[in-house]
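Just below is one structure, and these are the notes that go with it.
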Amino acid sequence: MSNALQLPIINLASPDRFSTANSIRKACIDHGFFYLVNHGVDEELIKKVFEQSSNFFSFPIEEKMKLAIKNHRGYTALYSEKLDTTLTTKGDSKETFYVGPLADGLNQWPLEEDLPSWRSTMETYHQKVLSAGTKLLSLIALSLKLEEDFFGKVGAVNEPLGFIRLLHYPGSGDLDSSSEEIYGASAHSDYGMITLLMTDGVPGLQICREKSKQPQVWEDVPSISGAFIVNIGDMMERWTNCLFRSTLHRVLPPRQERYSVAFFMDPSKDCIVECLESCCSEACPPSWFELRIECVKGEEDYYGQIPFAVHHVKIKVSQSSSVDCKKNDKGWWPLIWVAVHDVAFVSTMLGVLYDLVTISKNTRELEYYLRKTTKQRKMSNALQLPIIDMASPHRFSTANSIRKACIDHGFFYLVNHGIDEELVKKVFEQSSNFFSFPIEEKMKLAIKNHRGYTALYSEKLDTTSTTKGDSKETFYVGPLADDHNQWPLEEDLPSWRSTMETYHQKVLSAGTKLLSLIALSLKLDEDFFWKVGALNEQLGVIRLLHYPGSGDLDSSSEEIYGASAHSDYGMITLLMTDDLQGEIQTTTGLGGCAKHKAFIVNIGDMMERWTNCLFRSTLHRVLPPRQERYSVAFFMDPSKDCIVECLESCCSEACPPRY
């Protein structure tokens, strides 16, 4: 069992509002969770709500199903929801009942003769908790150095979208016996501004404060009698530019049955959510463009509330990303990637929801058909990336250009890098010579110690994809000093090894020079990456890549990528292509065209962490080309013993270290 977490306790009735606001700020930065006491919701009312909840869930299933969920109000049965859709289990071991905003007439209620006072109890509870939540939001505004009525002024509480969610988790002895691991509520974050949770004291709630860190560390959250457990939602995280945490949480299946009551406070439908100025700085620019909450009428009843954003940050757990393009038999269609509330369905200005597939925990890929009146896009536009001249004598000006490129795109072109064009030509010729060998010859050098050959479809960079694999074959050449590399025989491919070794040395030298400019761009000494040991044991890896033309691939109805969506692990990647254009795409949905003699450079995950997400480790992919395509990637990773930690120059009070 994980350790019990001692969350901060916030007193809503404290007369010292600024001190309380500061305590809330620290709790939201450190945990994203806290206890709320003296909240004004009467203990007797809470007791009645739990009694009425138990009364309803004790009904036979056929009676409960008469109030099956509609318009996001009503009953959902055991195993019918799965908050973490990456799990292969049948569903979460809970049943629920939703009560939404009281004014819109969409709620479903048990008959008064079946459950006397049930409706009036829930309506009273809704009003009381909504009032407490609104008071809490004024303190949260203060904690963000805003006026107390900020959320009222921006329209977030004009038409407050408060949802009660009654939850019943049967005890493990009452569940179907199965060898698969089932959660009461699998890992998720909440969609809205804040959630106020009341429990019956039975343990089970856990939180994971560092949701992107592996392995995940889960901590138990014990109950305090009469206290709400409050957590920050995705929209508040977006408002605060990730300063406040929308923390991943889950519920373990309890040994005895467990009841809880959640109250979700979501922004009003017409509210625009955009990063607060007080949470942004040069070191921590806005991670989100503005978001608008949409409630729309679909072809059936009501599609609910959902945030959507057109912006460019890397996809992370329960965070939005960007509009993208996807090809099918009808041409090119826009995609939008969003964090989905567990009960939300979507329809927006882009059209009606067509498909829903999982990208990662709490992140979905949503495909839309365009309206018939909307012009279809045949292909994404070409992105004009910045061009960095490494031979420029104006090093500080060059460093500033690199800084802007890494903040805006995470990609740029690098010219005058010192790699001879004739050497590049030889590398591509030798790469083509190797990949033209019969498969049985290539498999003699099958990958071992991360060096050697990988066959067509043997890798899949986006592991959430259901396709058989990426349509590429590759060959890895690692650091030259450790003797782990595999080489074709000299009689089969004369000069193959010497060509690759020379290229490795030359690109490693160019990459090291580039890192000194990146250090300057971060207001560091040029030799910073040497000083911290990142280059002590230089981990440079060549990856030769061959993408067969689409006519050479097995015909299949499934969509396959040359390289499916991914980001790179290390510090920087220097990519040379054979000049086929339009193949490389970033998450802006725009194709990056190859520049003659230029490297395409992108920032990796480790550099993103060093810079506290100031520089982007951008999601990218390769579309399957019509004609065969070759490229050569060079990955520069930090030395194995190097500690990667957020740079002071990339942190501030408004943007504390995220890793």
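Residues are referred to by chain and number: the chain letter is A, B, ... according to the order shown in the structure tokens, the number counts from 1 in that chain, and ligands are numbered separately from 1 in the order shown.
Counting only C-alpha atoms, Asp605 (chain A) has the following residues at most 8 Å away, ignoring those fewer than 6 positions along the same chain: Ser567, Asp568, Tyr569, Gly570, Met571 and Ser617 of chain A.
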According to DSSP computed on the backbone, where in region 87-327 of chain A is there alpha helix (DSSP H)? Give the residues as number ranges by chain. A: 118-143, 150-153, 234-239
I'd like a table as a Markdown table: residues in region 425-465 of chain A with an atom no more than 12 Å from region 525-548 of chain A, each row giving the shortest atom pair and its distance in Å to one decimal, only C-alpha atoms counted, sorted by chain and rising residue number.
```
| residue | atom | partner | partner_atom | distance |
| --- | --- | --- | --- | --- |
| A:Val427 | CA | A:Leu544 | CA | 9.0 |
| A:Phe428 | CA | A:Leu544 | CA | 8.6 |
| A:Glu429 | CA | A:Leu544 | CA | 11.2 |
| A:Gln430 | CA | A:Leu544 | CA | 9.8 |
| A:Ser431 | CA | A:Leu544 | CA | 6.6 |
| A:Ser432 | CA | A:His546 | CA | 7.9 |
| A:Asn433 | CA | A:His546 | CA | 11.0 |
| A:Phe434 | CA | A:Leu544 | CA | 9.9 |
| A:Phe435 | CA | A:His546 | CA | 7.2 |
| A:Ser436 | CA | A:His546 | CA | 9.9 |
| A:Ile447 | CA | A:Arg543 | CA | 11.8 |
| A:His450 | CA | A:Val541 | CA | 9.5 |
| A:Arg451 | CA | A:Val541 | CA | 8.9 |
| A:Gly452 | CA | A:Arg543 | CA | 9.3 |
| A:Tyr453 | CA | A:Leu544 | CA | 9.3 |
| A:Thr454 | CA | A:Leu545 | CA | 9.7 |
| A:Ala455 | CA | A:His546 | CA | 10.0 |
| A:Leu456 | CA | A:Tyr547 | CA | 8.6 |
| A:Tyr457 | CA | A:Tyr547 | CA | 10.6 |
```
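Residue neighbourhood of Cys646 (chain A), excluding near-sequence residues (fewer than 6 positions): Trp610, Thr611, Asn612 and Pro657 of chain A, at 6 Å, using only C-alpha atoms.
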Can you spit out the residues from that selection as a PDB file, in the first residue's frame, using N, CA and C atoms?
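New file out.pdb:
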```pdb
ATOM      1  N   TRP A 610      15.191  20.261 -19.148  1.00  0.00           N
ATOM      2  CA  TRP A 610      16.178  21.241 -18.690  1.00  0.00           C
ATOM      3  C   TRP A 610      15.576  22.644 -18.684  1.00  0.00           C
ATOM      4  N   THR A 611      14.802  22.955 -19.719  1.00  0.00           N
ATOM      5  CA  THR A 611      14.276  24.315 -19.879  1.00  0.00           C
ATOM      6  C   THR A 611      12.903  24.489 -19.244  1.00  0.00           C
ATOM      7  N   ASN A 612      12.462  23.489 -18.455  1.00  0.00           N
ATOM      8  CA  ASN A 612      11.185  23.618 -17.741  1.00  0.00           C
ATOM      9  C   ASN A 612      10.029  23.872 -18.710  1.00  0.00           C
ATOM     10  N   PRO A 657       9.603  24.783 -11.047  1.00  0.00           N
ATOM     11  CA  PRO A 657      10.068  23.590 -11.763  1.00  0.00           C
ATOM     12  C   PRO A 657       8.958  22.554 -11.919  1.00  0.00           C
TER      13      PRO A 657
END
```
For CA of Pro170 (chain A) and CA of Ser186 (chain A), determine how far apart the two atoms are, in Å to one decimal place. 14.9 Å
All residues 7 Å or closer to Tyr561 (chain A), only C-alpha atoms, same chain fewer than 5 positions away omitted, as a ChimeraX atom specification: /A:470-471,622-624
Mind dumping the selected residues with C-alpha atoms as a short mmCIF file (atom, residue, chain, number, x, y, z; two decimals), in the first residue's frame?
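result-v8.cif, written as the output of this step:
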```
data_model
loop_
_atom_site.label_atom_id
_atom_site.label_comp_id
_atom_site.auth_asym_id
_atom_site.auth_seq_id
_atom_site.Cartn_x
_atom_site.Cartn_y
_atom_site.Cartn_z
CA ASP A 470 5.59 1.74 -38.87
CA SER A 471 6.45 1.31 -42.55
CA VAL A 622 6.49 10.83 -41.13
CA LEU A 623 3.77 10.10 -43.65
CA PRO A 624 4.22 7.07 -45.92
#
```
With a distance cut-off of 8 Å and only C-alpha atoms, select the neighbouring residues of Leu7 (chain A), excluding the residue or stretch itself and same-chain residues fewer than 4 positions from it, and output the selection as a short mmCIF file (atom, residue, chain, number, x, y, z; two decimals) with N, CA and C atoms, in the first residue's frame.
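What landed in result06.cif:
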```cif
data_model
loop_
_atom_site.label_atom_id
_atom_site.label_comp_id
_atom_site.auth_asym_id
_atom_site.auth_seq_id
_atom_site.Cartn_x
_atom_site.Cartn_y
_atom_site.Cartn_z
N ALA A 27 -0.75 24.83 -1.81
CA ALA A 27 -1.37 23.50 -1.95
C ALA A 27 -1.59 23.15 -3.41
N HIS A 31 0.47 20.05 -4.66
CA HIS A 31 -0.35 18.83 -4.70
C HIS A 31 -1.47 18.87 -5.72
N PHE A 33 -4.31 19.22 -4.64
CA PHE A 33 -5.34 18.69 -3.73
C PHE A 33 -5.20 19.38 -2.38
N PHE A 34 -6.32 19.55 -1.67
CA PHE A 34 -6.27 20.00 -0.27
C PHE A 34 -7.60 19.68 0.40
N TYR A 35 -7.62 19.73 1.74
CA TYR A 35 -8.87 19.58 2.49
C TYR A 35 -9.49 20.96 2.70
N VAL A 221 -4.86 9.15 -0.05
CA VAL A 221 -5.45 10.37 0.50
C VAL A 221 -6.50 9.96 1.53
#
```
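Taking only C-alpha atoms into account, Gly192 (chain A) lies nearest to A:Met236 out of the set A:Ile600, A:Leu493, A:Met236, A:Leu243.
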Would you mind listing, for every residue of region 148-243 of chain A within 9 Å of region 269-286 of chain A, the two atoms forming the shortest contact and the distance between them in Å to one decimal, using only C-alpha atoms, sorted by chain and ascending residue number, as a tab-separated table?
```
residue	atom	partner	partner_atom	distance
A:Val154	CA	A:Cys271	CA	6.8
A:Gly155	CA	A:Cys271	CA	5.5
A:Ala156	CA	A:Cys271	CA	5.5
A:Val157	CA	A:Cys271	CA	8.6
A:Asn158	CA	A:Cys271	CA	8.7
A:Glu159	CA	A:Lys269	CA	7.5
A:Pro160	CA	A:Lys269	CA	8.6
A:Leu161	CA	A:Lys269	CA	8.0
A:Met235	CA	A:Val273	CA	7.2
A:Met236	CA	A:Val273	CA	8.5
A:Arg238	CA	A:Cys275	CA	6.3
A:Trp239	CA	A:Cys275	CA	4.6
A:Thr240	CA	A:Cys279	CA	5.5
A:Asn241	CA	A:Cys275	CA	5.4
A:Cys242	CA	A:Cys279	CA	8.4
A:Leu243	CA	A:Cys279	CA	6.9
```
Using the selection just defined, write its residues with N, CA and C atoms as a JSON list (two decimals), in the first residue's frame.
```
[["chain", "number", "residue", "atom", "x", "y", "z"],
["A", 154, "VAL", "N", -14.88, 37.34, -15.65],
["A", 154, "VAL", "CA", -14.60, 36.69, -16.93],
["A", 154, "VAL", "C", -15.72, 35.75, -17.37],
["A", 155, "GLY", "N", -16.79, 35.71, -16.58],
["A", 155, "GLY", "CA", -17.96, 34.93, -16.98],
["A", 155, "GLY", "C", -17.91, 33.46, -16.63],
["A", 156, "ALA", "N", -16.95, 33.05, -15.81],
["A", 156, "ALA", "CA", -16.83, 31.63, -15.48],
["A", 156, "ALA", "C", -17.98, 31.12, -14.64],
["A", 157, "VAL", "N", -18.56, 32.02, -13.81],
["A", 157, "VAL", "CA", -19.65, 31.60, -12.93],
["A", 157, "VAL", "C", -20.95, 32.30, -13.28],
["A", 158, "ASN", "N", -21.04, 32.85, -14.51],
["A", 158, "ASN", "CA", -22.29, 33.49, -14.94],
["A", 158, "ASN", "C", -23.43, 32.49, -14.97],
["A", 159, "GLU", "N", -23.12, 31.34, -15.54],
["A", 159, "GLU", "CA", -24.09, 30.25, -15.61],
["A", 159, "GLU", "C", -23.36, 29.01, -15.09],
["A", 160, "PRO", "N", -23.22, 28.92, -13.78],
["A", 160, "PRO", "CA", -22.32, 27.90, -13.22],
["A", 160, "PRO", "C", -22.77, 26.49, -13.56],
["A", 161, "LEU", "N", -21.82, 25.70, -14.05],
["A", 161, "LEU", "CA", -22.10, 24.33, -14.44],
["A", 161, "LEU", "C", -21.66, 23.40, -13.32],
["A", 235, "MET", "N", -9.25, 22.87, -16.48],
["A", 235, "MET", "CA", -9.43, 24.26, -16.90],
["A", 235, "MET", "C", -8.66, 25.22, -16.00],
["A", 236, "MET", "N", -8.61, 24.93, -14.70],
["A", 236, "MET", "CA", -7.84, 25.78, -13.80],
["A", 236, "MET", "C", -6.34, 25.64, -14.09],
["A", 238, "ARG", "N", -5.12, 25.15, -16.97],
["A", 238, "ARG", "CA", -4.89, 25.94, -18.17],
["A", 238, "ARG", "C", -4.89, 27.44, -17.87],
["A", 239, "TRP", "N", -5.82, 27.88, -17.02],
["A", 239, "TRP", "CA", -5.84, 29.29, -16.63],
["A", 239, "TRP", "C", -4.50, 29.70, -16.02],
["A", 240, "THR", "N", -3.94, 28.82, -15.20],
["A", 240, "THR", "CA", -2.72, 29.15, -14.46],
["A", 240, "THR", "C", -1.45, 28.75, -15.20],
["A", 241, "ASN", "N", -1.58, 28.39, -16.49],
["A", 241, "ASN", "CA", -0.41, 28.05, -17.30],
["A", 241, "ASN", "C", 0.40, 26.92, -16.66],
["A", 242, "CYS", "N", -0.34, 25.95, -16.11],
["A", 242, "CYS", "CA", 0.25, 24.76, -15.47],
["A", 242, "CYS", "C", 0.91, 25.04, -14.13],
["A", 243, "LEU", "N", 0.73, 26.26, -13.59],
["A", 243, "LEU", "CA", 1.24, 26.54, -12.24],
["A", 243, "LEU", "C", 0.51, 25.69, -11.22]]
```
